[in-house]
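**Student:** What follows is query.txt, made up of compact mmCIF, C-alpha atoms:
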# COMPACT_ATOMS: atom_id res chain seq x y z
CA VAL A 29 105.48 87.42 88.94
CA SER A 30 106.68 87.44 85.34
CA SER A 31 104.70 90.39 84.04
CA ILE A 32 102.47 93.08 85.50
CA GLU A 33 99.51 94.71 83.83
CA VAL A 34 98.94 98.38 84.55
CA THR A 35 95.83 100.34 83.57
CA PRO A 36 96.12 103.95 82.39
CA ILE A 37 93.98 106.15 84.63
CA GLY A 38 94.34 109.30 82.57
CA VAL A 39 96.34 111.20 80.01
CA VAL A 40 98.52 114.32 80.02
CA ARG A 41 97.57 117.19 77.72
CA SER A 42 100.59 119.46 77.31
CA ARG A 43 102.01 121.74 74.66
CA PHE A 44 105.00 119.43 74.13
CA ILE A 45 104.93 117.18 71.10
CA ALA A 46 108.65 116.89 70.28
CA PRO A 47 110.76 114.89 72.73
CA GLY A 48 113.88 116.95 71.98
CA ALA A 49 112.10 120.18 72.87
CA THR A 50 110.48 118.91 76.07
CA PRO A 51 112.01 119.95 79.41
CA VAL A 52 113.98 117.05 80.86
CA GLN A 53 112.43 117.50 84.32
CA SER A 54 109.32 119.20 85.66
CA ALA A 55 111.41 121.21 88.15
CA LEU A 56 113.15 122.85 85.18
CA SER A 57 109.88 124.07 83.72
CA PRO A 58 108.09 125.66 86.70
CA ALA A 59 106.18 128.23 84.65
CA ASP A 60 104.74 125.75 82.17
CA GLU A 61 101.23 124.49 82.75
CA ALA A 62 99.42 121.41 81.53
CA VAL A 63 96.55 119.16 82.56
CA VAL A 64 95.91 115.56 83.41
CA GLU A 65 92.57 114.33 82.17
CA ILE A 66 91.68 111.55 84.56
CA ASP A 67 89.23 108.95 83.30
CA PRO A 68 85.89 110.33 84.59
CA ARG A 69 85.01 107.01 86.19
CA TYR A 70 87.79 107.76 88.71
CA THR A 71 86.63 111.28 89.59
CA ASP A 72 85.74 110.27 93.15
CA ALA A 73 89.31 109.08 93.68
CA LEU A 74 90.45 112.72 93.49
CA ASP A 75 88.43 113.74 96.54
CA GLY A 76 90.68 115.75 98.86
CA LEU A 77 93.54 116.17 96.39
CA THR A 78 92.92 119.88 95.97
CA GLU A 79 94.19 120.47 99.52
CA PHE A 80 97.70 119.46 98.45
CA SER A 81 100.11 121.94 96.92
CA HIS A 82 102.14 119.32 95.02
CA VAL A 83 101.51 115.90 93.55
CA TRP A 84 103.53 113.11 91.99
CA LEU A 85 102.58 112.05 88.49
CA LEU A 86 103.55 108.52 87.56
CA CYS A 87 103.48 108.26 83.80
CA TRP A 88 104.16 105.62 81.20
CA LEU A 89 106.60 107.33 78.86
CA ASP A 90 105.39 105.78 75.63
CA ARG A 91 105.55 108.91 73.47
CA ILE A 92 109.25 108.40 72.89
CA GLU A 93 110.27 105.46 70.77
CA ARG A 94 109.92 102.40 72.98
CA ASP A 95 113.16 100.54 73.40
CA ASP A 96 112.47 97.04 74.65
CA ASP A 97 116.11 96.55 75.42
CA PRO A 98 117.54 99.95 76.39
CA PRO A 99 121.28 100.22 76.98
CA LEU A 100 122.00 99.60 80.65
CA ARG A 101 124.54 102.42 80.66
CA GLN A 102 123.61 105.68 78.94
CA VAL A 103 124.91 109.21 78.68
CA PRO A 104 122.16 111.28 80.37
CA PHE A 105 120.86 114.36 78.55
CA LEU A 106 122.35 116.48 81.33
CA LEU A 107 125.84 115.03 80.67
CA ARG A 108 125.80 115.41 76.89
CA ARG A 109 128.35 118.22 77.02
CA THR A 110 130.70 116.15 79.18
CA PRO A 111 129.73 112.65 78.06
CA ARG A 112 129.96 109.93 80.68
CA PRO A 113 127.87 106.75 80.66
CA ILE A 114 125.83 106.11 83.80
CA GLY A 115 123.79 103.08 84.81
CA VAL A 116 120.24 103.83 83.72
CA LEU A 117 118.88 103.16 87.22
CA ALA A 118 121.20 105.94 88.46
CA THR A 119 119.62 108.38 85.98
CA ARG A 120 116.19 109.92 85.60
CA GLY A 121 116.16 109.42 81.84
CA PRO A 122 113.13 108.05 80.00
CA ARG A 123 114.78 105.11 78.20
CA ARG A 124 114.48 102.87 81.25
CA ILE A 125 113.88 99.15 81.56
CA ASN A 126 110.31 100.13 82.47
CA PRO A 127 109.72 103.63 81.10
CA LEU A 128 107.94 104.91 84.20
CA GLY A 129 108.23 108.64 84.78
CA LEU A 130 108.10 110.27 88.19
CA SER A 131 107.33 114.00 88.09
CA LEU A 132 106.76 116.30 91.05
CA VAL A 133 104.38 119.02 89.91
CA ARG A 134 102.63 121.96 91.55
CA LEU A 135 98.89 121.45 91.64
CA ILE A 136 96.93 124.45 90.43
CA SER A 137 93.37 123.14 90.45
CA VAL A 138 91.18 120.09 90.38
CA GLU A 139 87.95 120.54 88.45
CA GLY A 140 85.92 117.41 87.99
CA ALA A 141 88.40 114.91 86.64
CA THR A 142 90.86 117.50 85.31
CA LEU A 143 94.04 118.35 87.20
CA ARG A 144 95.82 121.52 86.16
CA PHE A 145 99.45 121.66 87.17
CA ALA A 146 102.67 123.61 86.72
CA GLY A 147 106.04 122.05 85.98
CA VAL A 148 105.83 120.01 82.79
CA ASP A 149 108.27 117.39 81.48
CA VAL A 150 105.71 115.16 79.82
CA LEU A 151 104.75 114.89 76.18
CA ASP A 152 101.18 115.46 75.08
CA GLY A 153 99.25 112.20 75.12
CA THR A 154 101.36 110.48 77.76
CA PRO A 155 99.35 107.95 79.81
CA VAL A 156 99.18 108.54 83.56
CA VAL A 157 99.22 105.41 85.71
CA ASP A 158 99.07 106.91 89.21
CA VAL A 159 98.71 110.23 91.02
CA LYS A 160 99.94 110.56 94.58
CA PRO A 161 99.95 113.52 96.95
CA TYR A 162 103.34 114.94 97.91
CA VAL A 163 103.76 114.36 101.63
CA ALA A 164 106.74 116.17 103.16
CA ARG A 165 106.92 113.71 106.06
CA PHE A 166 107.45 110.83 103.59
CA ASP A 167 109.08 112.39 100.56
CA ALA A 168 111.85 114.56 102.00
CA PRO A 169 114.98 112.64 102.97
CA ALA A 170 116.29 112.82 106.53
CA GLY A 171 119.98 113.42 107.12
CA GLU A 172 122.72 114.10 104.63
CA VAL A 173 121.72 114.04 100.97
CA ARG A 174 124.15 113.15 98.19
CA CYS A 175 122.96 113.21 94.59
CA GLY A 176 125.82 111.49 92.78
CA TRP A 177 126.65 112.83 89.34
CA PHE A 178 123.90 115.47 89.57
CA ASP A 179 126.01 117.17 92.26
CA THR A 180 128.79 117.70 89.69
CA ILE A 181 126.81 119.76 87.17
CA ASP A 182 124.85 122.95 86.84
CA ILE A 183 121.26 122.31 85.85
CA ALA A 184 119.61 125.21 84.02
CA ASP A 185 115.90 125.90 84.01
CA GLY A 186 114.43 125.16 80.60
CA SER A 187 116.95 122.42 79.74
CA THR A 188 115.76 120.14 76.96
CA PRO A 189 117.55 117.34 75.12
CA ASP A 190 118.07 119.70 72.17
CA SER A 191 119.46 122.52 74.33
CA LEU A 192 121.86 120.08 75.98
CA THR A 193 123.21 118.65 72.74
CA PRO A 194 126.64 120.00 71.78
CA GLY A 195 126.77 121.70 68.41
CA THR A 196 123.26 123.04 68.63
CA ASP A 197 122.65 126.71 69.14
CA ARG A 198 119.57 126.20 71.25
CA SER A 199 120.23 127.44 74.71
CA PRO A 200 117.64 126.84 77.40
CA SER A 201 114.94 129.44 77.20
CA PRO A 202 114.69 131.53 80.33
CA VAL B 24 96.80 102.63 75.22
CA SER B 25 94.42 100.21 76.90
CA SER B 26 96.91 98.29 78.98
CA ILE B 27 100.58 98.53 79.82
CA GLU B 28 102.94 95.67 80.50
CA VAL B 29 105.60 96.21 83.14
CA THR B 30 108.50 93.86 83.82
CA PRO B 31 109.70 93.24 87.38
CA ILE B 32 113.38 94.13 87.61
CA GLY B 33 113.92 92.78 91.10
CA VAL B 34 112.37 91.80 94.40
CA VAL B 35 112.41 93.16 97.96
CA ARG B 36 113.65 90.90 100.73
CA SER B 37 112.45 92.30 104.04
CA ARG B 38 111.49 90.95 107.45
CA PHE B 39 107.86 91.94 106.90
CA ILE B 40 105.44 89.17 105.97
CA ALA B 41 102.20 90.43 107.55
CA PRO B 42 100.61 93.51 105.94
CA GLY B 43 99.07 94.64 109.25
CA ALA B 44 102.49 94.68 110.95
CA THR B 45 104.36 96.45 108.14
CA PRO B 46 105.17 100.15 108.56
CA VAL B 47 102.80 102.23 106.47
CA GLN B 48 105.63 104.37 105.07
CA SER B 49 109.38 103.95 104.77
CA ALA B 50 109.95 107.29 106.53
CA LEU B 51 108.29 105.81 109.63
CA SER B 52 110.73 102.92 109.77
CA PRO B 53 114.12 104.61 109.38
CA ALA B 54 116.04 102.04 111.43
CA ASP B 55 114.74 99.03 109.52
CA GLU B 56 116.93 97.56 106.80
CA ALA B 57 116.12 95.37 103.83
CA VAL B 58 117.48 94.58 100.39
CA VAL B 59 116.41 94.74 96.79
CA GLU B 60 117.70 91.86 94.75
CA ILE B 61 117.89 93.24 91.23
CA ASP B 62 117.82 90.70 88.42
CA PRO B 63 121.56 90.12 87.78
CA ARG B 64 121.12 90.78 84.07
CA TYR B 65 120.51 94.43 85.04
CA THR B 66 123.61 94.79 87.24
CA ASP B 67 125.22 97.28 84.85
CA ALA B 68 122.17 99.54 85.17
CA LEU B 69 123.18 100.20 88.81
CA ASP B 70 126.49 101.79 87.81
CA GLY B 71 126.87 105.07 89.71
CA LEU B 72 123.95 104.52 92.06
CA THR B 73 126.18 104.08 95.09
CA GLU B 74 127.05 107.79 94.96
CA PHE B 75 123.48 108.67 95.93
CA SER B 76 122.36 108.82 99.54
CA HIS B 77 118.68 108.11 98.81
CA VAL B 78 116.73 106.31 96.11
CA TRP B 79 113.10 105.87 95.10
CA LEU B 80 111.78 102.34 94.96
CA LEU B 81 108.80 101.83 92.68
CA CYS B 82 107.15 98.59 93.65
CA TRP B 83 104.15 96.58 92.55
CA LEU B 84 102.28 96.00 95.80
CA ASP B 85 100.99 92.52 95.02
CA ARG B 86 101.60 90.98 98.45
CA ILE B 87 98.35 92.41 99.76
CA GLU B 88 95.17 90.96 98.39
CA ARG B 89 94.72 92.45 94.94
CA ASP B 90 91.55 94.40 94.58
CA ASP B 91 90.75 94.87 90.92
CA ASP B 92 88.11 97.41 91.78
CA PRO B 93 89.25 99.21 94.95
CA PRO B 94 86.90 101.71 96.58
CA LEU B 95 87.59 105.16 95.14
CA ARG B 96 87.20 106.69 98.59
CA GLN B 97 88.88 104.95 101.51
CA VAL B 98 89.69 105.66 105.13
CA PRO B 99 93.50 105.76 105.18
CA PHE B 100 95.33 103.73 107.84
CA LEU B 101 96.51 107.01 109.35
CA LEU B 102 92.91 108.20 109.81
CA ARG B 103 91.54 105.01 111.35
CA ARG B 104 91.18 106.64 114.76
CA THR B 105 89.28 109.60 113.28
CA PRO B 106 87.67 107.91 110.28
CA ARG B 107 87.17 110.05 107.22
CA PRO B 108 87.02 108.74 103.65
CA ILE B 109 89.52 110.26 101.23
CA GLY B 110 89.85 109.85 97.48
CA VAL B 111 92.40 107.09 96.98
CA LEU B 112 94.53 109.31 94.70
CA ALA B 113 94.79 111.75 97.62
CA THR B 114 96.22 108.99 99.83
CA ARG B 115 99.41 106.93 99.82
CA GLY B 116 97.59 103.70 100.63
CA PRO B 117 98.30 100.45 98.78
CA ARG B 118 94.78 99.62 97.57
CA ARG B 119 95.09 101.89 94.56
CA ILE B 120 93.72 101.61 91.05
CA ASN B 121 97.24 100.56 90.08
CA PRO B 122 98.96 99.31 93.24
CA LEU B 123 102.24 101.07 92.57
CA GLY B 124 104.25 101.94 95.66
CA LEU B 125 106.64 104.87 95.87
CA SER B 126 109.13 104.63 98.72
CA LEU B 127 112.00 106.99 99.47
CA VAL B 128 114.73 104.94 101.15
CA ARG B 129 118.24 105.59 102.38
CA LEU B 130 120.77 103.67 100.33
CA ILE B 131 123.30 101.80 102.45
CA SER B 132 125.25 99.84 99.85
CA VAL B 133 125.22 98.42 96.36
CA GLU B 134 127.04 95.11 96.02
CA GLY B 135 126.69 93.45 92.66
CA ALA B 136 122.96 93.46 92.03
CA THR B 137 121.96 93.80 95.69
CA LEU B 138 120.85 97.15 97.12
CA ARG B 139 120.78 97.41 100.91
CA PHE B 140 118.60 100.18 102.21
CA ALA B 141 117.07 101.65 105.36
CA GLY B 142 113.44 102.69 105.70
CA VAL B 143 111.18 99.76 104.93
CA ASP B 144 107.45 99.75 104.15
CA VAL B 145 107.45 96.85 101.74
CA LEU B 146 106.49 93.23 102.29
CA ASP B 147 108.96 90.46 101.64
CA GLY B 148 108.70 89.26 98.05
CA THR B 149 107.33 92.50 96.61
CA PRO B 150 108.34 93.03 92.96
CA VAL B 151 110.37 96.14 92.16
CA VAL B 152 109.58 97.78 88.82
CA ASP B 153 111.96 100.75 88.90
CA VAL B 154 114.73 102.32 90.96
CA LYS B 155 115.48 106.01 90.60
CA PRO B 156 118.04 108.21 92.34
CA TYR B 157 116.68 110.90 94.65
CA VAL B 158 117.65 114.25 93.11
CA ALA B 159 117.05 117.22 95.42
CA ARG B 160 116.82 119.61 92.45
CA PHE B 161 113.89 117.63 91.04
CA ASP B 162 112.22 116.01 94.04
CA ALA B 163 111.93 118.84 96.57
CA PRO B 164 109.02 121.20 95.95
CA ALA B 165 109.65 124.91 95.49
CA GLY B 166 107.49 127.40 97.35
CA GLU B 167 104.79 126.78 99.89
CA VAL B 168 103.93 123.16 100.63
CA ARG B 169 100.50 122.02 101.81
CA CYS B 170 99.91 118.36 102.52
CA GLY B 171 96.13 118.22 102.86
CA TRP B 172 94.79 115.83 105.46
CA PHE B 173 98.30 114.75 106.44
CA ASP B 174 98.79 118.23 107.92
CA THR B 175 95.94 117.57 110.37
CA ILE B 176 97.43 114.52 112.09
CA ASP B 177 100.43 113.41 114.08
CA ILE B 178 102.30 110.64 112.35
CA ALA B 179 104.29 108.42 114.70
CA ASP B 180 107.37 106.47 113.74
CA GLY B 181 106.64 102.76 113.62
CA SER B 182 102.98 103.19 112.63
CA THR B 183 101.48 100.05 111.12
CA PRO B 184 97.89 99.28 110.09
CA ASP B 185 97.52 97.21 113.27
CA SER B 186 98.89 99.95 115.53
CA LEU B 187 96.53 102.46 113.95
CA THR B 188 93.41 100.34 114.37
CA PRO B 189 91.18 101.42 117.26
CA GLY B 190 90.61 98.74 119.85
CA THR B 191 94.01 97.18 119.42
CA ASP B 192 96.65 97.52 122.08
CA ARG B 193 99.52 97.68 119.66
CA SER B 194 101.14 101.03 119.85
CA PRO B 195 103.85 101.90 117.37
CA SER B 196 107.17 100.55 118.53
CA PRO B 197 109.73 103.27 119.07
For this file, write the structure as structure tokens.
**Tutor:**
Amino acid sequence: VSSIEVTPIGVVRSRFIAPGATPVQSALSPADEAVVEIDPRYTDALDGLTEFSHVWLLCWLDRIERDDDPPLRQVPFLLRRTPRPIGVLATRGPRRINPLGLSLVRLISVEGATLRFAGVDVLDGTPVVDVKPYVARFDAPAGEVRCGWFDTIDIADGSTPDSLTPGTDRSPSP
Amino acid sequence: VSSIEVTPIGVVRSRFIAPGATPVQSALSPADEAVVEIDPRYTDALDGLTEFSHVWLLCWLDRIERDDDPPLRQVPFLLRRTPRPIGVLATRGPRRINPLGLSLVRLISVEGATLRFAGVDVLDGTPVVDVKPYVARFDAPAGEVRCGWFDTIDIADGSTPDSLTPGTDRSPSP
């Protein structure tokens, strides 16, 4: 397989239009709400989803400038104050080899082909390529959990690239 | 965006070559081990990954017959004994609109561009499109968790499509 073609199945509509002001992870933005507008031809594929409290959104992060050849080591947003380059596959940053985003969000409602959710780290207009239910039996690790460099930092709710950039006065909003 | 082009970054080498005999989820196969062979040109992108206990594998599930127009409601493998159609976006099955797989696996080692992991639900030869570290702060839901139809069934370790098919004698292996 040399290349894979993926079809957008929907689009995120959120209040975020500036990458620097968008929360770096959905878990850091639990009070924010947004919607996914699924292509109406796939409405039937949502049958049963409303019985789940949380879903995974797989997005194609094309709203940031696409970098066809991103650096393989990058300083993550969350390490900007104590800069240290990390292999991009050991980060959750958006400038990946394939800019696929994985966001765990709290499902609020499913009406027709519209999913309303809380926990938003996605820019307005971002294509959605898959939605999956969160299944505790599959998605919670068994045994000891170590989270590498994330275990060495404090991660504040509301963190955005701008708020994490030294020399700016923008602290995370509460 | 009408279509998105994704580049394989590696391939899974596992002992599974028959879809019907492959565990339906990595969590149901915790003792199985396999490897991801990342394209060596991306070796630097793995820097720091070894400090994580668990990683997400995002795969392109092309080893099963590709269905360009999969049914939007399907009976999941796990409901074969009590058949009930579910919207495919409310399942974790592989015959999705975009056959992207999301597997949480336990990382055993990173040597060069080879990741060894435990928890295998992926056929040998499956392309990998992204690897992400598991981050408890981002990937564990806050608050009450409801898992829809999954909450109504017992899910046995070792479950495969064959073991879940009525009329077969193949029980999940322990």
**Student:** Give as number ranges by chain every residue of chain A that touches chain B within 6 Å, counting all atoms listed in the file.
**Tutor:** A: 31-35, 55, 72-77, 79-81, 100-101, 114-118, 159-161, 163, 166, 173-176
**Student:** Now that the selection is made, can you save its residues with C-alpha atoms as a PDB file, keeping the file's coordinate frame?
**Tutor:**
ATOM      1  CA  SER A  31     104.700  90.390  84.040  1.00  0.00           C
ATOM      2  CA  ILE A  32     102.470  93.080  85.500  1.00  0.00           C
ATOM      3  CA  GLU A  33      99.510  94.710  83.830  1.00  0.00           C
ATOM      4  CA  VAL A  34      98.940  98.380  84.550  1.00  0.00           C
ATOM      5  CA  THR A  35      95.830 100.340  83.570  1.00  0.00           C
ATOM      6  CA  ALA A  55     111.410 121.210  88.150  1.00  0.00           C
ATOM      7  CA  ASP A  72      85.740 110.270  93.150  1.00  0.00           C
ATOM      8  CA  ALA A  73      89.310 109.080  93.680  1.00  0.00           C
ATOM      9  CA  LEU A  74      90.450 112.720  93.490  1.00  0.00           C
ATOM     10  CA  ASP A  75      88.430 113.740  96.540  1.00  0.00           C
ATOM     11  CA  GLY A  76      90.680 115.750  98.860  1.00  0.00           C
ATOM     12  CA  LEU A  77      93.540 116.170  96.390  1.00  0.00           C
ATOM     13  CA  GLU A  79      94.190 120.470  99.520  1.00  0.00           C
ATOM     14  CA  PHE A  80      97.700 119.460  98.450  1.00  0.00           C
ATOM     15  CA  SER A  81     100.110 121.940  96.920  1.00  0.00           C
ATOM     16  CA  LEU A 100     122.000  99.600  80.650  1.00  0.00           C
ATOM     17  CA  ARG A 101     124.540 102.420  80.660  1.00  0.00           C
ATOM     18  CA  ILE A 114     125.830 106.110  83.800  1.00  0.00           C
ATOM     19  CA  GLY A 115     123.790 103.080  84.810  1.00  0.00           C
ATOM     20  CA  VAL A 116     120.240 103.830  83.720  1.00  0.00           C
ATOM     21  CA  LEU A 117     118.880 103.160  87.220  1.00  0.00           C
ATOM     22  CA  ALA A 118     121.200 105.940  88.460  1.00  0.00           C
ATOM     23  CA  VAL A 159      98.710 110.230  91.020  1.00  0.00           C
ATOM     24  CA  LYS A 160      99.940 110.560  94.580  1.00  0.00           C
ATOM     25  CA  PRO A 161      99.950 113.520  96.950  1.00  0.00           C
ATOM     26  CA  VAL A 163     103.760 114.360 101.630  1.00  0.00           C
ATOM     27  CA  PHE A 166     107.450 110.830 103.590  1.00  0.00           C
ATOM     28  CA  VAL A 173     121.720 114.040 100.970  1.00  0.00           C
ATOM     29  CA  ARG A 174     124.150 113.150  98.190  1.00  0.00           C
ATOM     30  CA  CYS A 175     122.960 113.210  94.590  1.00  0.00           C
ATOM     31  CA  GLY A 176     125.820 111.490  92.780  1.00  0.00           C
TER      32      GLY A 176
END
**Student:** Which residues are close to segment 134-140 of chain B, i.e. within 6 Å by all atoms listed in the file, leaving aside same-chain residues fewer than 6 positions away? Reply as a list in words.
**Tutor:**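 Close residues of segment 134-140 of chain B: Glu56, Ala57, Val58, Val59, Glu60, Ile61, Pro63 and Thr66 of chain B.
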**Student:** Mind pulling up the distance from atom CA of Gly186 of chain A to atom CA of Arg41 of chain A?
**Tutor:** 18.9 Å
**Student:** Distance atom CA of Pro47 of chain A-atom CA of Thr193 of chain A, one decimal place?
**Tutor:**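 One can read the atom CA of Pro47 of chain A to atom CA of Thr193 of chain A distance as 13.0 Å.
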**Student:** For the atom pair atom CA of Asp67 of chain A and atom CA of Asp92 of chain B, what is the interatomic distance in Å to one decimal place?
**Tutor:**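 Atom-to-atom, atom CA of Asp67 of chain A and atom CA of Asp92 of chain B are spaced 14.4 Å apart.
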**Student:** Determine the nearest neighbour of Asp144 of chain B from the options B:Pro106, B:Ser182, B:Ile131, B:Phe100, counting all atoms listed in the file.
**Tutor:**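 Using all atoms listed in the file, Asp144 of chain B sits closest to B:Ser182.
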**Student:** Could you check which of A:Ile45, A:Val156, A:Val52, A:Val148 is closest to Ala184 of chain A, using all atoms listed in the file?
**Tutor:**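 Under the stated criterion, the closest residue is A:Val52.
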**Student:** Find the residues around Pro184 of chain B up to 12 Å (only C-alpha atoms counted), leave out those fewer than 4 positions away in its own chain, and share them as number ranges by chain.
**Tutor:** B: 41-48, 98-104, 116-117, 144, 188-189, 191, 193-195
**Student:** Limited to C-alpha atoms, could you put the picked residues into a file as a compact mmCIF listing (two decimals), in the coordinates of the input?
**Tutor:**
# COMPACT_ATOMS: atom_id res chain seq x y z
CA ALA B 41 102.20 90.43 107.55
CA PRO B 42 100.61 93.51 105.94
CA GLY B 43 99.07 94.64 109.25
CA ALA B 44 102.49 94.68 110.95
CA THR B 45 104.36 96.45 108.14
CA PRO B 46 105.17 100.15 108.56
CA VAL B 47 102.80 102.23 106.47
CA GLN B 48 105.63 104.37 105.07
CA VAL B 98 89.69 105.66 105.13
CA PRO B 99 93.50 105.76 105.18
CA PHE B 100 95.33 103.73 107.84
CA LEU B 101 96.51 107.01 109.35
CA LEU B 102 92.91 108.20 109.81
CA ARG B 103 91.54 105.01 111.35
CA ARG B 104 91.18 106.64 114.76
CA GLY B 116 97.59 103.70 100.63
CA PRO B 117 98.30 100.45 98.78
CA ASP B 144 107.45 99.75 104.15
CA THR B 188 93.41 100.34 114.37
CA PRO B 189 91.18 101.42 117.26
CA THR B 191 94.01 97.18 119.42
CA ARG B 193 99.52 97.68 119.66
CA SER B 194 101.14 101.03 119.85
CA PRO B 195 103.85 101.90 117.37
**Student:** If I wrap all listed atoms of segment 164-173 of chain A in a box with edges along x, y and z and add 4 Å on each side, what are its centre and edge lengths in Å to one decimal, as lines of an AutoDock Vina configuration file?
**Tutor:**
center_x = 114.7
center_y = 113.5
center_z = 103.8
size_x = 24.0
size_y = 13.3
size_z = 14.6
